[in-house]
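Okay, coords-v2.cif is below, mmCIF, C-alpha atoms:
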```
data_my_file
#
loop_
_atom_site.group_PDB
_atom_site.id
_atom_site.type_symbol
_atom_site.label_atom_id
_atom_site.label_comp_id
_atom_site.auth_asym_id
_atom_site.auth_seq_id
_atom_site.Cartn_x
_atom_site.Cartn_y
_atom_site.Cartn_z
ATOM 1 C CA MET A 1 -20.996 6.033 89.441
ATOM 2 C CA GLN A 2 -19.808 6.812 85.911
ATOM 3 C CA GLU A 3 -17.403 9.727 85.615
ATOM 4 C CA GLN A 4 -18.775 12.608 83.541
ATOM 5 C CA SER A 5 -16.847 13.492 80.408
ATOM 6 C CA PHE A 6 -15.333 16.935 79.842
ATOM 7 C CA THR A 7 -15.991 18.268 76.340
ATOM 8 C CA ILE A 8 -14.882 21.513 74.704
ATOM 9 C CA LYS A 9 -16.831 23.159 71.891
ATOM 10 C CA VAL A 10 -17.113 26.460 70.061
ATOM 11 C CA MET A 11 -19.685 28.659 71.775
ATOM 12 C CA THR A 12 -22.918 29.636 70.125
ATOM 13 C CA LYS A 13 -23.655 33.357 70.167
ATOM 14 C CA GLU A 14 -26.001 32.770 73.106
ATOM 15 C CA GLU A 15 -23.304 30.923 75.075
ATOM 16 C CA VAL A 16 -21.029 33.974 74.922
ATOM 17 C CA ASN A 17 -23.421 35.442 77.495
ATOM 18 C CA ILE A 18 -22.255 32.740 79.923
ATOM 19 C CA ALA A 19 -18.673 34.001 79.673
ATOM 20 C CA VAL A 20 -19.818 37.602 80.112
ATOM 21 C CA ASP A 21 -21.919 36.682 83.175
ATOM 22 C CA TRP A 22 -18.967 34.867 84.735
ATOM 23 C CA ALA A 23 -16.748 37.883 83.988
ATOM 24 C CA ALA A 24 -19.245 40.025 85.894
ATOM 25 C CA GLN A 25 -19.053 37.629 88.852
ATOM 26 C CA GLU A 26 -15.240 37.986 88.759
ATOM 27 C CA GLY A 27 -15.669 41.767 89.115
ATOM 28 C CA TRP A 28 -14.646 42.654 85.543
ATOM 29 C CA ASN A 29 -17.789 44.761 84.970
ATOM 30 C CA PRO A 30 -18.602 43.948 81.322
ATOM 31 C CA GLY A 31 -20.597 46.240 79.066
ATOM 32 C CA LEU A 32 -24.286 45.596 78.487
ATOM 33 C CA ASN A 33 -23.726 44.658 74.824
ATOM 34 C CA ASP A 34 -20.282 43.067 75.074
ATOM 35 C CA ALA A 35 -21.403 39.546 74.158
ATOM 36 C CA HIS A 36 -22.883 40.698 70.846
ATOM 37 C CA ASN A 37 -19.962 43.010 70.020
ATOM 38 C CA TYR A 38 -17.208 40.538 70.864
ATOM 39 C CA TYR A 39 -18.841 37.776 68.839
ATOM 40 C CA GLN A 40 -18.512 39.963 65.726
ATOM 41 C CA ALA A 41 -14.719 39.833 66.045
ATOM 42 C CA ASP A 42 -14.487 36.052 65.527
ATOM 43 C CA PRO A 43 -17.520 33.751 65.796
ATOM 44 C CA HIS A 44 -15.157 30.752 66.048
ATOM 45 C CA GLY A 45 -13.024 32.290 68.788
ATOM 46 C CA PHE A 46 -15.074 31.487 71.892
ATOM 47 C CA LEU A 47 -14.702 28.075 73.546
ATOM 48 C CA ILE A 48 -16.726 26.552 76.369
ATOM 49 C CA GLY A 49 -16.056 23.426 78.391
ATOM 50 C CA TYR A 50 -18.862 21.211 79.655
ATOM 51 C CA LEU A 51 -18.624 18.570 82.361
ATOM 52 C CA GLY A 52 -21.547 16.427 81.373
ATOM 53 C CA ASP A 53 -24.311 18.983 80.812
ATOM 54 C CA GLU A 54 -22.810 21.672 83.039
ATOM 55 C CA ALA A 55 -20.782 24.576 81.622
ATOM 56 C CA ILE A 56 -17.685 24.912 83.811
ATOM 57 C CA ALA A 57 -14.952 26.665 81.765
ATOM 58 C CA THR A 58 -14.611 29.377 79.117
ATOM 59 C CA ILE A 59 -11.910 31.044 77.068
ATOM 60 C CA SER A 60 -11.956 33.500 74.172
ATOM 61 C CA VAL A 61 -9.294 33.166 71.503
ATOM 62 C CA VAL A 62 -10.227 35.829 68.995
ATOM 63 C CA LYS A 63 -8.184 35.389 65.812
ATOM 64 C CA TYR A 64 -8.187 38.692 63.952
ATOM 65 C CA ASP A 65 -6.093 37.312 61.105
ATOM 66 C CA ASN A 66 -3.439 34.627 60.623
ATOM 67 C CA ASP A 67 -0.865 36.705 62.494
ATOM 68 C CA PHE A 68 -2.573 38.329 65.495
ATOM 69 C CA ALA A 69 -5.014 37.131 68.153
ATOM 70 C CA PHE A 70 -6.277 38.168 71.578
ATOM 71 C CA LEU A 71 -7.024 35.828 74.483
ATOM 72 C CA GLY A 72 -9.543 36.547 77.249
ATOM 73 C CA PHE A 73 -12.460 35.236 79.306
ATOM 74 C CA TYR A 74 -10.220 32.503 80.755
ATOM 75 C CA ILE A 75 -12.532 31.444 83.571
ATOM 76 C CA VAL A 76 -13.249 28.191 85.385
ATOM 77 C CA LYS A 77 -16.214 28.012 87.763
ATOM 78 C CA PRO A 78 -14.758 28.340 91.279
ATOM 79 C CA GLU A 79 -15.813 24.877 92.481
ATOM 80 C CA TYR A 80 -14.000 23.210 89.556
ATOM 81 C CA ARG A 81 -10.686 25.050 89.825
ATOM 82 C CA GLY A 82 -7.477 23.141 90.435
ATOM 83 C CA LYS A 83 -8.785 20.003 88.695
ATOM 84 C CA GLY A 84 -7.101 20.430 85.308
ATOM 85 C CA TYR A 85 -10.134 21.641 83.352
ATOM 86 C CA GLY A 86 -8.682 25.124 82.932
ATOM 87 C CA MET A 87 -5.483 23.761 81.422
ATOM 88 C CA LYS A 88 -7.469 21.632 78.966
ATOM 89 C CA ILE A 89 -9.471 24.563 77.617
ATOM 90 C CA TRP A 90 -6.337 26.741 77.673
ATOM 91 C CA GLN A 91 -4.496 24.245 75.463
ATOM 92 C CA ALA A 92 -7.486 23.963 73.117
ATOM 93 C CA GLY A 93 -7.519 27.747 72.780
ATOM 94 C CA LEU A 94 -3.793 28.010 72.087
ATOM 95 C CA ASN A 95 -4.086 25.219 69.523
ATOM 96 C CA TYR A 96 -6.628 27.330 67.588
ATOM 97 C CA LEU A 97 -4.152 30.225 67.611
ATOM 98 C CA LYS A 98 -1.084 28.364 66.335
ATOM 99 C CA ASN A 99 1.571 30.674 64.824
ATOM 100 C CA CYS A 100 -0.259 33.848 65.901
ATOM 101 C CA ASN A 101 1.206 36.575 68.053
ATOM 102 C CA ILE A 102 -1.220 36.241 70.977
ATOM 103 C CA ALA A 103 -1.973 39.128 73.330
ATOM 104 C CA LEU A 104 -3.797 39.166 76.653
ATOM 105 C CA ASP A 105 -4.590 41.467 79.553
ATOM 106 C CA GLY A 106 -4.124 39.141 82.504
ATOM 107 C CA VAL A 107 -4.683 39.635 86.215
ATOM 108 C CA LEU A 108 -1.321 40.345 87.818
ATOM 109 C CA GLU A 109 -1.269 37.243 90.040
ATOM 110 C CA GLN A 110 -1.479 34.977 86.960
ATOM 111 C CA GLN A 111 1.538 36.518 85.191
ATOM 112 C CA ASP A 112 3.894 33.679 86.092
ATOM 113 C CA ASN A 113 1.459 31.081 84.741
ATOM 114 C CA TYR A 114 1.148 32.969 81.457
ATOM 115 C CA LYS A 115 4.938 33.189 81.188
ATOM 116 C CA LYS A 116 5.055 29.372 81.273
ATOM 117 C CA SER A 117 3.036 29.414 78.034
ATOM 118 C CA GLY A 118 5.426 31.842 76.373
ATOM 119 C CA PHE A 119 3.782 35.177 77.176
ATOM 120 C CA LYS A 120 6.083 38.117 77.877
ATOM 121 C CA LEU A 121 5.172 41.270 79.803
ATOM 122 C CA ALA A 122 4.946 44.454 77.709
ATOM 123 C CA TYR A 123 3.416 46.951 80.170
ATOM 124 C CA SER A 124 0.470 47.310 82.543
ATOM 125 C CA ASN A 125 -2.985 48.744 81.981
ATOM 126 C CA ILE A 126 -4.638 50.428 84.952
ATOM 127 C CA ARG A 127 -8.400 50.844 85.334
ATOM 128 C CA PHE A 128 -9.282 54.196 86.867
ATOM 129 C CA ALA A 129 -12.688 55.058 88.344
ATOM 130 C CA GLY A 130 -14.155 58.531 88.698
ATOM 131 C CA ALA A 131 -17.298 60.619 88.695
ATOM 132 C CA GLY A 132 -19.397 61.136 85.582
ATOM 133 C CA GLY A 133 -21.303 64.224 84.503
ATOM 134 C CA GLY A 134 -19.836 67.679 84.026
ATOM 135 C CA GLN A 135 -20.015 70.329 81.340
ATOM 136 C CA LEU A 136 -19.830 69.588 77.629
ATOM 137 C CA PRO A 137 -16.699 71.326 76.294
ATOM 138 C CA ASN A 138 -17.287 74.249 73.964
ATOM 139 C CA ASN A 139 -15.559 72.720 70.956
ATOM 140 C CA ASP A 140 -17.067 72.724 67.468
ATOM 141 C CA ASP A 141 -14.494 70.125 66.380
ATOM 142 C CA ILE A 142 -16.141 67.407 68.515
ATOM 143 C CA ILE A 143 -18.608 65.519 66.344
ATOM 144 C CA GLU A 144 -20.803 62.453 66.390
ATOM 145 C CA LEU A 145 -18.613 59.668 65.028
ATOM 146 C CA ALA A 146 -21.530 58.370 62.950
ATOM 147 C CA SER A 147 -21.423 61.587 60.889
ATOM 148 C CA LEU A 148 -18.156 60.399 59.301
ATOM 149 C CA PRO A 149 -17.747 57.712 56.625
ATOM 150 C CA PHE A 150 -16.830 54.390 58.216
ATOM 151 C CA SER A 151 -13.683 54.265 56.067
ATOM 152 C CA ALA A 152 -12.369 57.418 57.795
ATOM 153 C CA ILE A 153 -12.829 55.813 61.213
ATOM 154 C CA SER A 154 -11.324 52.500 60.118
ATOM 155 C CA ASP A 155 -8.331 54.263 58.571
ATOM 156 C CA TYR A 156 -7.738 56.282 61.732
ATOM 157 C CA GLU A 157 -7.791 53.151 63.883
ATOM 158 C CA LYS A 158 -5.257 51.211 61.797
ATOM 159 C CA PRO A 159 -2.094 52.330 63.657
ATOM 160 C CA PHE A 160 -3.706 51.499 66.997
ATOM 161 C CA PHE A 161 -4.368 47.804 66.383
ATOM 162 C CA PRO A 162 -2.201 45.096 64.787
ATOM 163 C CA ALA A 163 -4.990 43.755 62.561
ATOM 164 C CA VAL A 164 -8.029 44.999 60.678
ATOM 165 C CA ARG A 165 -11.239 44.386 62.642
ATOM 166 C CA ALA A 166 -13.922 46.137 60.606
ATOM 167 C CA ASP A 167 -16.907 43.983 61.707
ATOM 168 C CA PHE A 168 -16.099 44.460 65.379
ATOM 169 C CA LEU A 169 -15.398 48.184 64.976
ATOM 170 C CA ARG A 170 -18.647 48.793 63.092
ATOM 171 C CA SER A 171 -20.580 47.037 65.876
ATOM 172 C CA TRP A 172 -18.648 48.718 68.705
ATOM 173 C CA ILE A 173 -19.146 52.327 67.606
ATOM 174 C CA SER A 174 -22.878 51.866 66.949
ATOM 175 C CA GLN A 175 -23.888 49.743 69.952
ATOM 176 C CA PRO A 176 -26.970 50.618 72.037
ATOM 177 C CA ASN A 177 -26.526 52.453 75.361
ATOM 178 C CA SER A 178 -23.378 54.173 74.137
ATOM 179 C CA GLN A 179 -22.030 57.332 72.592
ATOM 180 C CA ALA A 180 -19.229 57.526 70.041
ATOM 181 C CA LEU A 181 -17.551 60.889 69.416
ATOM 182 C CA GLY A 182 -14.735 62.078 67.187
ATOM 183 C CA VAL A 183 -12.582 65.176 67.268
ATOM 184 C CA LEU A 184 -11.361 66.944 64.138
ATOM 185 C CA GLU A 185 -8.165 68.834 63.511
ATOM 186 C CA LYS A 186 -8.012 70.843 60.286
ATOM 187 C CA GLY A 187 -11.038 68.914 59.068
ATOM 188 C CA LYS A 188 -9.491 65.468 59.602
ATOM 189 C CA LEU A 189 -10.257 62.912 62.290
ATOM 190 C CA ALA A 190 -7.635 63.327 65.036
ATOM 191 C CA GLY A 191 -9.137 61.162 67.747
ATOM 192 C CA TYR A 192 -12.221 59.291 68.815
ATOM 193 C CA GLY A 193 -13.757 57.710 71.870
ATOM 194 C CA VAL A 194 -16.652 55.485 72.865
ATOM 195 C CA ILE A 195 -18.473 55.380 76.194
ATOM 196 C CA ARG A 196 -20.750 52.413 76.884
ATOM 197 C CA ALA A 197 -23.081 51.377 79.675
ATOM 198 C CA CYS A 198 -21.756 48.523 81.836
ATOM 199 C CA ARG A 199 -23.179 46.373 84.618
ATOM 200 C CA GLU A 200 -21.982 49.170 86.863
ATOM 201 C CA GLY A 201 -21.523 52.694 85.524
ATOM 202 C CA PHE A 202 -19.895 53.431 82.176
ATOM 203 C CA LYS A 203 -16.573 52.595 80.525
ATOM 204 C CA ILE A 204 -14.746 54.841 78.101
ATOM 205 C CA GLY A 205 -12.850 52.800 75.548
ATOM 206 C CA PRO A 206 -11.202 53.285 73.260
ATOM 207 C CA LEU A 207 -9.959 56.817 73.751
ATOM 208 C CA TYR A 208 -7.474 57.615 70.997
ATOM 209 C CA ALA A 209 -6.173 61.102 70.224
ATOM 210 C CA ASN A 210 -3.254 62.726 68.439
ATOM 211 C CA THR A 211 -2.537 65.079 71.361
ATOM 212 C CA PRO A 212 -3.257 65.186 75.114
ATOM 213 C CA GLN A 213 -5.398 68.306 74.576
ATOM 214 C CA LEU A 214 -7.641 66.546 72.050
ATOM 215 C CA ALA A 215 -7.853 63.512 74.355
ATOM 216 C CA GLU A 216 -9.032 65.720 77.210
ATOM 217 C CA SER A 217 -11.703 67.391 75.074
ATOM 218 C CA LEU A 218 -13.033 63.987 74.023
ATOM 219 C CA PHE A 219 -12.852 62.686 77.587
ATOM 220 C CA LEU A 220 -14.869 65.640 78.915
ATOM 221 C CA ALA A 221 -17.479 65.299 76.157
ATOM 222 C CA LEU A 222 -17.912 61.566 76.780
ATOM 223 C CA LYS A 223 -18.023 62.087 80.558
ATOM 224 C CA ALA A 224 -20.674 64.797 80.137
ATOM 225 C CA SER A 225 -22.967 62.278 78.422
ATOM 226 C CA THR A 226 -23.463 60.526 81.798
ATOM 227 C CA ALA A 227 -25.407 61.738 84.798
ATOM 228 C CA THR A 228 -23.679 63.357 87.744
ATOM 229 C CA GLY A 229 -23.184 60.661 90.353
ATOM 230 C CA GLU A 230 -22.597 57.884 87.826
ATOM 231 C CA THR A 231 -19.228 56.127 87.910
ATOM 232 C CA ILE A 232 -17.047 56.159 84.820
ATOM 233 C CA TYR A 233 -14.019 53.959 84.132
ATOM 234 C CA LEU A 234 -11.005 54.450 81.884
ATOM 235 C CA ASP A 235 -8.345 51.765 81.240
ATOM 236 C CA VAL A 236 -4.998 53.504 80.787
ATOM 237 C CA PRO A 237 -1.650 52.109 79.581
ATOM 238 C CA ASN A 238 0.791 52.902 82.387
ATOM 239 C CA VAL A 239 3.414 53.915 79.799
ATOM 240 C CA ASN A 240 1.344 56.915 78.632
ATOM 241 C CA GLN A 241 2.331 59.679 81.050
ATOM 242 C CA ALA A 242 -0.128 62.171 79.537
ATOM 243 C CA ALA A 243 -2.988 59.712 80.088
ATOM 244 C CA LEU A 244 -1.948 59.201 83.715
ATOM 245 C CA ALA A 245 -1.870 62.978 84.163
ATOM 246 C CA LEU A 246 -5.375 63.199 82.645
ATOM 247 C CA VAL A 247 -6.933 60.803 85.143
ATOM 248 C CA GLN A 248 -5.128 62.506 88.024
ATOM 249 C CA ARG A 249 -6.457 65.929 86.984
ATOM 250 C CA HIS A 250 -9.983 64.511 87.071
ATOM 251 C CA ASN A 251 -9.573 62.829 90.453
ATOM 252 C CA MET A 252 -9.908 59.295 89.143
ATOM 253 C CA THR A 253 -8.543 56.526 91.361
ATOM 254 C CA PRO A 254 -6.957 53.161 90.445
ATOM 255 C CA ALA A 255 -9.412 50.262 90.706
ATOM 256 C CA PHE A 256 -7.789 47.342 88.866
ATOM 257 C CA GLU A 257 -4.608 46.511 86.971
ATOM 258 C CA THR A 258 -3.749 44.036 84.238
ATOM 259 C CA ALA A 259 -0.541 42.825 82.631
ATOM 260 C CA ARG A 260 -0.494 43.283 78.845
ATOM 261 C CA MET A 261 1.488 40.366 77.498
ATOM 262 C CA TYR A 262 2.397 38.990 74.054
ATOM 263 C CA THR A 263 3.785 35.653 72.887
ATOM 264 C CA GLN A 264 5.880 37.331 70.196
ATOM 265 C CA GLN A 265 7.225 40.841 69.660
ATOM 266 C CA GLN A 266 5.222 43.718 71.076
ATOM 267 C CA PRO A 267 3.362 45.386 68.165
ATOM 268 C CA ASP A 268 4.436 48.878 67.153
ATOM 269 C CA ILE A 269 1.449 50.840 68.466
ATOM 270 C CA PRO A 270 1.600 54.605 69.249
ATOM 271 C CA LEU A 271 0.853 54.169 72.955
ATOM 272 C CA ASN A 272 1.399 57.905 73.521
ATOM 273 C CA LYS A 273 -1.908 58.363 71.652
ATOM 274 C CA VAL A 274 -3.774 55.575 73.498
ATOM 275 C CA PHE A 275 -5.539 57.260 76.411
ATOM 276 C CA GLY A 276 -8.019 54.432 76.904
ATOM 277 C CA VAL A 277 -7.938 50.744 75.947
ATOM 278 C CA THR A 278 -10.942 49.391 74.011
ATOM 279 C CA SER A 279 -11.357 46.171 76.002
ATOM 280 C CA PHE A 280 -9.373 43.967 78.379
ATOM 281 C CA GLU A 281 -11.156 40.957 76.848
ATOM 282 C CA ILE A 282 -10.389 41.342 73.140
ATOM 283 C CA GLY A 283 -7.876 44.176 72.885
#
```
How does the structure come out when it is put into C-alpha cells?
Amino acid sequence: MQEQSFTIKVMTKEEVNIAVDWAAQEGWNPGLNDAHNYYQADPHGFLIGYLGDEAIATISVVKYDNDFAFLGFYIVKPEYRGKGYGMKIWQAGLNYLKNCNIALDGVLEQQDNYKKSGFKLAYSNIRFAGAGGGQLPNNDDIIELASLPFSAISDYEKPFFPAVRADFLRSWISQPNSQALGVLEKGKLAGYGVIRACREGFKIGPLYANTPQLAESLFLALKASTATGETIYLDVPNVNQAALALVQRHNMTPAFETARMYTQQQPDIPLNKVFGVTSFEIG
C-alpha cells in the first residue's frame, strides 16, 4: 500500500475554522467569531498539514510586522501525535517567522519543548472563571467604544502591543455577539475592554486600564452585559498584583494557566495596566 504524503499549506479562511474547532476539543473555549477575527491579523499566518486528503495538523504563525509575531493553534490530531508531523509543521511555521521576536502562550507541560526552539519564559497568564451578571456601575465615564474615533482606540492600544494591528483591532472591537466599552478620564480614553461570546460562556479580553479602579469599573460593566448564571473568563498576567486582587474580590477561580514565552527580549509592555489578555492564540 502506497504511503500517503504529508503536505503543508497556507489555510484558506474557511480552514481556520478547523483549527478553532480543534482548539475547542482541546478545552481552549474559543470565541464564536475567532476564526474571522484572527484571519484579519495575517491571512498568510495559518498553516495546515494534510496526510493525503485528511487534515491532521495546524499552527498559526501570525506575523504582525517584520519584527514581531505570535504563534498559536499548534495542534496535531490525537491519533497522529508522536509521528513527527507536529515537528514538520512547527518548523514550517518558524521558517515563515525568520528573524522575528516570536511570542506564544503555551500549555505549561510543553514549556521544555518550546525552550528547545529558543523560547524563554517571561511570566504566566492565568485564566480565571466566575459568575456573570450584576449591576451596571453608575459611571458616566464608561462609554461605548464605537462612539470614539478608531484612531483614539488604536493610539491607546499602542503601548500594550509590540506591533500595530489595525485590521485585527477594528474587527475585534466590532465583532458580533460582543460588547466593547471604554472608560474616560478627563475626557481622554483611559482604558477599554471587550467581552465576547465563546463556545462556553463569555471571555473578557482585552481589559486595559490606567488604574485598578478604572479596570474594575470596566470589568463590572462588561460583566453586567451577561446574564446572571453565565460563566465569564478573564486571562490575567500573574505579574499584575492588582489584576489578581480584582479576580479574588469577585470570587473568580483559576481554570487554566499558560506560559508566556518569547524567542528574543521580552517587549516593554505596561503589564501593570493589563488586567486581561486579548487572546492566548494571537496575543
Next item on the list: Tell me which protein, DNA and RNA residues are within 10 Å of A:Ser225, counting only C-alpha atoms, leaving out same-chain ones fewer than 2 positions away, and put them as number ranges by chain.
Entry: A: 132-136, 178-179, 195, 220-223, 227-228
Item checked: Explicit residue set for the PyMOL selection byres ((chain A and resi 90) around 10), as a list in words -> Leu47, Ala57, Thr58, Ile59, Ser60, Val61, Leu71, Tyr74, Ile75, Gly84, Tyr85, Gly86, Met87, Lys88, Ile89, Gln91, Ala92, Gly93, Leu94, Asn95 and Ser117 of chain A
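Our summary of the geometry notes that atom CA of A:Phe128 is positioned 25.6 Å from atom CA of A:Lys158.
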Next item on the list: Name the residues that the PyMOL selection byres ((chain A and resi 182-187) around 10) picks from the file above, as a ChimeraX atom specification, using the file's chain letters and numbers.
Entry: /A:139-148,153,180-181,188-194,207-210,214-215,217-218,221
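Counting only C-alpha atoms, the residue from A:Phe119, A:Trp28, A:Phe70, A:Phe6 that sits nearest to A:Phe256 is A:Trp28.
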